[in-house]
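Peer 1: My structure is in input30.txt, and what it holds is compact mmCIF, C-alpha atoms:
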# COMPACT_ATOMS: atom_id res chain seq x y z
CA MET A 1 22.77 51.97 -45.52
CA ALA A 2 19.30 53.33 -45.02
CA SER A 3 18.07 53.85 -41.47
CA HIS A 4 15.44 51.11 -41.71
CA GLU A 5 18.09 48.63 -42.95
CA ARG A 6 20.40 49.35 -40.02
CA HIS A 7 17.53 49.28 -37.58
CA SER A 8 16.51 45.83 -38.78
CA PHE A 9 20.16 44.73 -38.88
CA PHE A 10 20.76 45.53 -35.21
CA ARG A 11 17.33 44.20 -34.20
CA SER A 12 18.15 40.95 -36.02
CA LEU A 13 21.47 40.71 -34.19
CA ARG A 14 19.74 41.01 -30.83
CA ARG A 15 17.22 38.31 -31.75
CA MET A 16 19.87 35.95 -33.14
CA PHE A 17 22.30 36.29 -30.28
CA GLY A 18 20.08 36.67 -27.25
CA GLY A 19 20.24 40.43 -26.99
CA GLY A 20 23.96 40.94 -27.49
CA SER A 21 25.43 43.86 -25.57
CA LEU A 22 22.98 46.53 -26.63
CA PRO A 23 20.68 47.34 -23.72
CA GLU A 24 17.46 48.31 -25.54
CA ASP A 25 15.41 46.75 -28.29
CA GLY A 26 14.40 49.12 -31.04
CA ILE A 27 17.65 51.08 -31.08
CA ASP A 28 18.11 52.87 -34.38
CA TYR A 29 21.84 52.81 -34.99
CA ASP A 30 21.67 55.85 -37.29
CA GLU A 31 20.10 57.88 -34.49
CA LEU A 32 23.01 57.25 -32.12
CA PRO A 33 25.37 60.22 -31.94
CA VAL A 34 28.89 59.70 -33.26
CA GLY A 35 31.20 59.56 -30.26
CA ILE A 36 33.95 57.25 -31.51
CA PHE A 37 36.60 58.02 -34.12
CA VAL A 38 37.81 54.94 -36.08
CA THR A 39 40.73 54.65 -38.54
CA HIS A 40 42.37 51.78 -40.43
CA LEU A 41 45.94 51.73 -41.76
CA PRO A 42 46.81 50.94 -44.44
CA ASN A 43 43.57 51.75 -46.19
CA PRO A 44 43.03 50.49 -48.81
CA VAL A 45 44.87 47.28 -47.97
CA ARG A 46 46.38 44.66 -50.26
CA ALA A 47 46.18 40.92 -49.63
CA ARG A 48 48.87 38.51 -48.60
CA ARG A 49 48.82 34.77 -49.29
CA GLY A 50 47.84 32.76 -46.23
CA GLY A 51 48.18 34.64 -42.98
CA ARG A 52 46.33 34.67 -39.70
CA SER A 53 42.82 34.40 -41.19
CA GLY A 54 43.37 30.75 -42.09
CA SER A 55 42.03 31.55 -45.57
CA ALA A 56 43.95 31.55 -48.85
CA PHE A 57 44.28 35.36 -48.59
CA THR A 58 44.46 37.73 -45.63
CA TRP A 59 44.15 41.50 -45.61
CA GLN A 60 45.92 42.71 -42.46
CA PHE A 61 45.71 46.26 -41.11
CA ALA A 62 45.77 48.22 -37.88
CA THR A 63 42.52 49.66 -36.51
CA SER A 64 42.61 52.55 -34.04
CA VAL A 65 39.66 53.73 -31.98
CA GLN A 66 39.35 56.77 -29.74
CA THR A 67 36.61 58.69 -27.99
CA ARG A 68 35.63 62.00 -29.49
CA GLY A 69 35.76 63.63 -26.07
CA GLU A 70 34.40 61.77 -23.08
CA ARG A 71 35.14 58.54 -21.23
CA LEU A 72 33.33 55.60 -22.88
CA GLU A 73 32.71 51.95 -22.10
CA MET A 74 32.83 49.77 -25.22
CA LEU A 75 29.80 47.47 -25.49
CA GLU A 76 30.28 45.70 -28.82
CA PHE A 77 31.87 45.97 -32.23
CA GLY A 78 32.06 44.00 -35.41
CA ALA A 79 32.60 43.91 -39.16
CA MET A 80 30.00 44.01 -41.90
CA THR A 81 30.39 43.28 -45.60
CA LEU A 82 28.18 44.84 -48.23
CA THR A 83 26.20 42.24 -50.20
CA GLU A 84 23.41 42.49 -52.75
CA THR A 85 20.91 42.49 -49.88
CA GLY A 86 22.71 45.05 -47.70
CA TRP A 87 25.31 44.98 -44.92
CA VAL A 88 25.84 41.54 -43.37
CA LEU A 89 27.74 40.78 -40.17
CA THR A 90 30.93 38.94 -41.17
CA THR A 91 32.94 38.33 -38.02
CA TYR A 92 34.70 34.99 -37.75
CA THR A 93 32.49 34.13 -34.76
CA GLY A 94 29.29 34.98 -36.64
CA LYS A 95 28.24 37.43 -33.92
CA PRO A 96 29.35 40.83 -32.59
CA PHE A 97 32.60 40.98 -30.68
CA THR A 98 32.40 41.72 -26.95
CA ALA A 99 33.84 44.28 -24.55
CA ASN A 100 36.27 41.58 -23.38
CA ASP A 101 37.46 41.08 -26.97
CA PHE A 102 37.96 44.83 -27.30
CA ALA A 103 39.90 45.04 -24.03
CA GLU A 104 42.26 42.26 -25.14
CA TRP A 105 42.78 43.11 -28.82
CA TYR A 106 42.97 46.89 -28.40
CA ASN A 107 45.01 46.83 -25.17
CA CYS A 108 42.25 48.79 -23.44
CA PRO A 109 41.82 47.85 -19.76
CA ASP A 110 38.20 47.07 -18.88
CA ALA A 111 37.18 48.23 -22.40
CA VAL A 112 37.09 51.82 -21.10
CA LEU A 113 38.18 54.45 -23.60
CA LEU A 114 39.76 57.49 -21.98
CA PRO A 115 39.89 60.92 -23.65
CA ASN A 116 43.03 61.83 -25.61
CA HIS A 117 44.14 58.22 -26.05
CA ALA A 118 43.94 55.95 -29.11
CA TYR A 119 43.45 52.20 -28.67
CA THR A 120 44.82 50.08 -31.51
CA ASP A 121 44.48 46.51 -32.71
CA PRO A 122 47.71 46.28 -34.75
CA LEU A 123 46.80 42.88 -36.20
CA ASN A 124 43.22 43.32 -37.42
CA TRP A 125 42.38 41.24 -40.48
CA GLN A 126 39.84 39.88 -42.88
CA GLY A 127 40.20 36.77 -45.00
CA ALA A 128 38.85 35.10 -48.13
CA ASN A 129 39.67 32.07 -50.20
CA ARG A 130 39.94 34.09 -53.41
CA LEU A 131 40.80 37.60 -54.48
CA LEU A 132 37.53 39.42 -54.96
CA GLY A 133 36.85 42.79 -56.55
CA ARG A 134 37.42 45.91 -54.46
CA ARG A 135 35.24 45.41 -51.42
CA PRO A 136 34.62 47.60 -48.45
CA VAL A 137 34.23 46.18 -44.96
CA LYS A 138 32.54 48.38 -42.37
CA TRP A 139 33.80 48.16 -38.81
CA TYR A 140 31.23 49.47 -36.32
CA TYR A 141 31.58 50.21 -32.58
CA VAL A 142 28.93 50.90 -29.94
CA ALA A 143 29.83 52.29 -26.51
CA LYS A 144 28.09 54.04 -23.65
CA THR A 145 28.88 57.23 -21.80
CA SER A 146 29.17 57.48 -18.02
CA ASP A 147 25.51 58.58 -17.90
CA GLY A 148 24.40 55.55 -19.97
CA LYS A 149 23.87 57.18 -23.37
CA LEU A 150 24.89 55.10 -26.39
CA VAL A 151 27.29 56.42 -29.01
CA ARG A 152 28.66 54.90 -32.18
CA GLY A 153 31.60 54.98 -34.54
CA GLU A 154 32.36 53.29 -37.81
CA SER A 155 34.84 53.25 -40.65
CA LEU A 156 35.29 51.45 -43.94
CA VAL A 157 38.44 49.54 -44.81
CA GLU A 158 38.80 48.62 -48.45
CA ALA A 159 40.27 45.24 -49.44
CA LEU A 160 42.03 45.42 -52.79
CA PRO A 161 42.00 42.42 -55.15
CA GLU A 162 45.78 42.35 -55.42
CA ILE A 163 48.75 40.86 -53.61
CA ASP A 164 51.01 43.15 -51.57
CA PRO A 165 54.49 42.30 -52.88
CA GLY A 166 56.17 43.74 -49.77
CA ARG A 167 54.09 41.62 -47.41
CA ASN A 168 54.79 38.42 -49.32
CA GLU A 169 58.52 39.21 -49.35
CA GLU A 170 58.32 39.48 -45.53
CA ASP A 171 56.58 36.08 -45.50
CA ARG A 172 59.40 34.51 -47.56
CA LYS A 173 62.03 35.95 -45.21
CA GLY A 174 60.15 34.67 -42.15
CA ASN A 175 59.51 38.15 -40.77
CA ALA A 176 55.73 38.19 -41.03
CA ARG A 177 53.68 38.79 -37.88
CA VAL A 178 50.89 36.23 -37.82
What is this structure when it is put down as structure tokens?
Peer 2:
Amino acid sequence: MASHERHSFFRSLRRMFGGGSLPEDGIDYDELPVGIFVTHLPNPVRARRGGRSGSAFTWQFATSVQTRGERLEMLEFGAMTLTETGWVLTTYTGKPFTANDFAEWYNCPDAVLLPNHAYTDPLNWQGANRLLGRRPVKWYYVAKTSDGKLVRGESLVEALPEIDPGRNEEDRKGNARV
């Protein structure tokens, strides 16, 4: 995504949701230094029928986040899907997730990331009512350092337009985690 597209994306988020967690208007996301390492497993991920999304298909994966060196306080995070007009926020709430969400889902007390520790949401997901072509979803994270500087991290997870036969076998046996 071009810098001006991201800039307008984050500016639009602040206008739509009363400022969100980001402290300054006019922040250019691309200009923030990378201070967060993000991974998704499996990646790419296959769909399962039903599942925790409440949609016809759910792509479930684990997302791990860690600081690239210093103590950080998570401010917000979210998921964006690439459309014909650019990246669009696609969280189930319709707005960025909060530090409280991060603390709960990633088992990270007070949403504070400590060095040398990964924080994982083992049940991250995305859903859709039909299998679409290969589509990337970008998860982004914004945190601040102890001296108030903002840092970012992001990673793509790719949803495959196919059913995971192993996952659906687990569903039939009643072993699925939903």
Peer 1: Between A:Gly153, A:Glu73, A:Asn43, A:Arg135, which is the closest to Gln60 of chain A once you count all atoms listed in the file?
Peer 2: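 Among the listed residues, A:Asn43 lies closest to Gln60 of chain A.
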Peer 1: So that I can check the surroundings of Trp105 of chain A, please list as a PyMOL selection string every protein, DNA and RNA residue that reaches within 9 Å of it, counting all atoms listed in the file and ignoring chain neighbours fewer than 6 positions away.
Peer 2: chain A and resi 120-124
Peer 1: For each of A:Gly35, A:Gly166, A:Gly50, A:Pro44, take the minimum atom-to-atom distance to Pro136 of chain A, counting all atoms listed in the file, then give the residue where this is smallest.
Peer 2: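 Answer, going by the shortest atom-to-atom distance: A:Pro44.
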Peer 1: Using only C-alpha atoms, which residue out of A:Glu104, A:Glu154, A:Asp164, A:Asp110 lies closest to Phe37 of chain A?
Peer 2: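 That would be A:Glu154, the residue with the smallest distance to Phe37 of chain A.
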Peer 1: Using all atoms listed in the file, find the one residue out of A:Ala56, A:Met80, A:Ala47, A:Met74 that sits nearest to Ser146 of chain A.
Peer 2: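 Nearest candidate to Ser146 of chain A out of A:Ala56, A:Met80, A:Ala47, A:Met74: A:Met74.
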Peer 1: For atom CA of Thr63 of chain A and atom CA of Leu156 of chain A, determine how far apart the two atoms are, in Å to one decimal place.
Peer 2: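 Going from atom CA of Thr63 of chain A over to atom CA of Leu156 of chain A covers 10.5 Å.
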Peer 1: Could you tell me which of A:Leu75, A:Leu41, A:Leu131, A:Ile27 comes closest to Thr145 of chain A if we count all atoms listed in the file?
Peer 2: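 Nearest to Thr145 of chain A: A:Leu75.
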Peer 1: Identify which of the residues A:Thr85, A:Thr91, A:Asn107, A:Thr67 lies closest to Gly127 of chain A, counting only C-alpha atoms when measuring atom-to-atom distances.
Peer 2: A:Thr91
Peer 1: Distance atom CA of Pro115 of chain A-atom CA of Val34 of chain A, one decimal place?
Peer 2: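 Atom-to-atom, atom CA of Pro115 of chain A and atom CA of Val34 of chain A are spaced 14.7 Å apart.
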Peer 1: Around the point (38.1, 45.0, -26.0) (coordinates from the file), which residues reach within 12 Å if we count all atoms listed in the file? Answer as a ChimeraX atom specification.
Peer 2: /A:64-65,73-78,96-113,119-121,141-143
Peer 1: Near Pro33 of chain A, counting all atoms listed in the file, which residues have an atom at most 10 Å away, once you skip same-chain residues fewer than 2 positions from it, shown as an NGL selection string?
Peer 2: :A and (29-31 or 35-36 or 149-153)
Peer 1: Would you put the residues from that selection into a file with C-alpha atoms, as a PDB file, in the frame of the given file?
Peer 2:
ATOM      1  CA  TYR A  29      21.840  52.810 -34.990  1.00  0.00           C
ATOM      2  CA  ASP A  30      21.670  55.850 -37.290  1.00  0.00           C
ATOM      3  CA  GLU A  31      20.100  57.880 -34.490  1.00  0.00           C
ATOM      4  CA  GLY A  35      31.200  59.560 -30.260  1.00  0.00           C
ATOM      5  CA  ILE A  36      33.950  57.250 -31.510  1.00  0.00           C
ATOM      6  CA  LYS A 149      23.870  57.180 -23.370  1.00  0.00           C
ATOM      7  CA  LEU A 150      24.890  55.100 -26.390  1.00  0.00           C
ATOM      8  CA  VAL A 151      27.290  56.420 -29.010  1.00  0.00           C
ATOM      9  CA  ARG A 152      28.660  54.900 -32.180  1.00  0.00           C
ATOM     10  CA  GLY A 153      31.600  54.980 -34.540  1.00  0.00           C
TER      11      GLY A 153
END
Peer 1: Would you work out the distance separating atom CA of Leu89 of chain A from atom CA of Tyr140 of chain A, expressed in Å to one decimal?
Peer 2: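 Rounded to one decimal, the two atoms are 10.1 Å apart.
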Peer 1: Could the centre and edge lengths of an axis-aligned box, enclosing all atoms of segment 113-127 of chain A in the file with 6 Å extra on each side, be given in Å to one decimal as JSON?
Peer 2:
{"center_x": 42.9, "center_y": 49.3, "center_z": -33.5, "size_x": 21.5, "size_y": 37.1, "size_z": 35.0}
Peer 1: Hey, could you patch up segment 147-161 of chain A with N, CA and C atoms and hand it over as an mmCIF file, in the frame of the given file?
Peer 2:
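Dumped everything to rebuild19.cif:
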data_model
loop_
_atom_site.group_PDB
_atom_site.id
_atom_site.type_symbol
_atom_site.label_atom_id
_atom_site.label_comp_id
_atom_site.auth_asym_id
_atom_site.auth_seq_id
_atom_site.Cartn_x
_atom_site.Cartn_y
_atom_site.Cartn_z
ATOM 1 N N ASP A 147 26.915 58.430 -18.286
ATOM 2 C CA ASP A 147 25.510 58.580 -17.900
ATOM 3 C C ASP A 147 24.586 57.632 -18.690
ATOM 4 N N GLY A 148 25.185 56.610 -19.351
ATOM 5 C CA GLY A 148 24.400 55.550 -19.970
ATOM 6 C C GLY A 148 23.909 55.802 -21.387
ATOM 7 N N LYS A 149 24.288 56.909 -21.994
ATOM 8 C CA LYS A 149 23.870 57.180 -23.370
ATOM 9 C C LYS A 149 24.759 56.393 -24.336
ATOM 10 N N LEU A 150 24.146 55.857 -25.396
ATOM 11 C CA LEU A 150 24.890 55.100 -26.390
ATOM 12 C C LEU A 150 25.451 56.028 -27.455
ATOM 13 N N VAL A 151 26.663 55.717 -27.906
ATOM 14 C CA VAL A 151 27.290 56.420 -29.010
ATOM 15 C C VAL A 151 27.853 55.371 -29.966
ATOM 16 N N ARG A 152 28.168 55.825 -31.173
ATOM 17 C CA ARG A 152 28.660 54.900 -32.180
ATOM 18 C C ARG A 152 29.882 55.466 -32.883
ATOM 19 N N GLY A 153 30.532 54.599 -33.634
ATOM 20 C CA GLY A 153 31.600 54.980 -34.540
ATOM 21 C C GLY A 153 31.731 53.900 -35.585
ATOM 22 N N GLU A 154 32.188 54.280 -36.755
ATOM 23 C CA GLU A 154 32.360 53.290 -37.810
ATOM 24 C C GLU A 154 33.354 53.814 -38.828
ATOM 25 N N SER A 155 33.918 52.883 -39.585
ATOM 26 C CA SER A 155 34.840 53.250 -40.650
ATOM 27 C C SER A 155 34.933 52.091 -41.628
ATOM 28 N N LEU A 156 35.100 52.445 -42.899
ATOM 29 C CA LEU A 156 35.290 51.450 -43.940
ATOM 30 C C LEU A 156 36.770 51.181 -44.123
ATOM 31 N N VAL A 157 37.102 49.910 -44.338
ATOM 32 C CA VAL A 157 38.440 49.540 -44.810
ATOM 33 C C VAL A 157 38.207 48.822 -46.133
ATOM 34 N N GLU A 158 39.009 49.181 -47.128
ATOM 35 C CA GLU A 158 38.800 48.620 -48.450
ATOM 36 C C GLU A 158 39.851 47.562 -48.758
ATOM 37 N N ALA A 159 39.389 46.352 -49.057
ATOM 38 C CA ALA A 159 40.270 45.240 -49.440
ATOM 39 C C ALA A 159 40.467 45.289 -50.948
ATOM 40 N N LEU A 160 41.719 45.389 -51.367
ATOM 41 C CA LEU A 160 42.030 45.420 -52.790
ATOM 42 C C LEU A 160 42.231 44.005 -53.321
ATOM 43 N N PRO A 161 41.859 43.764 -54.574
ATOM 44 C CA PRO A 161 42.000 42.420 -55.150
ATOM 45 C C PRO A 161 43.394 42.198 -55.736
#
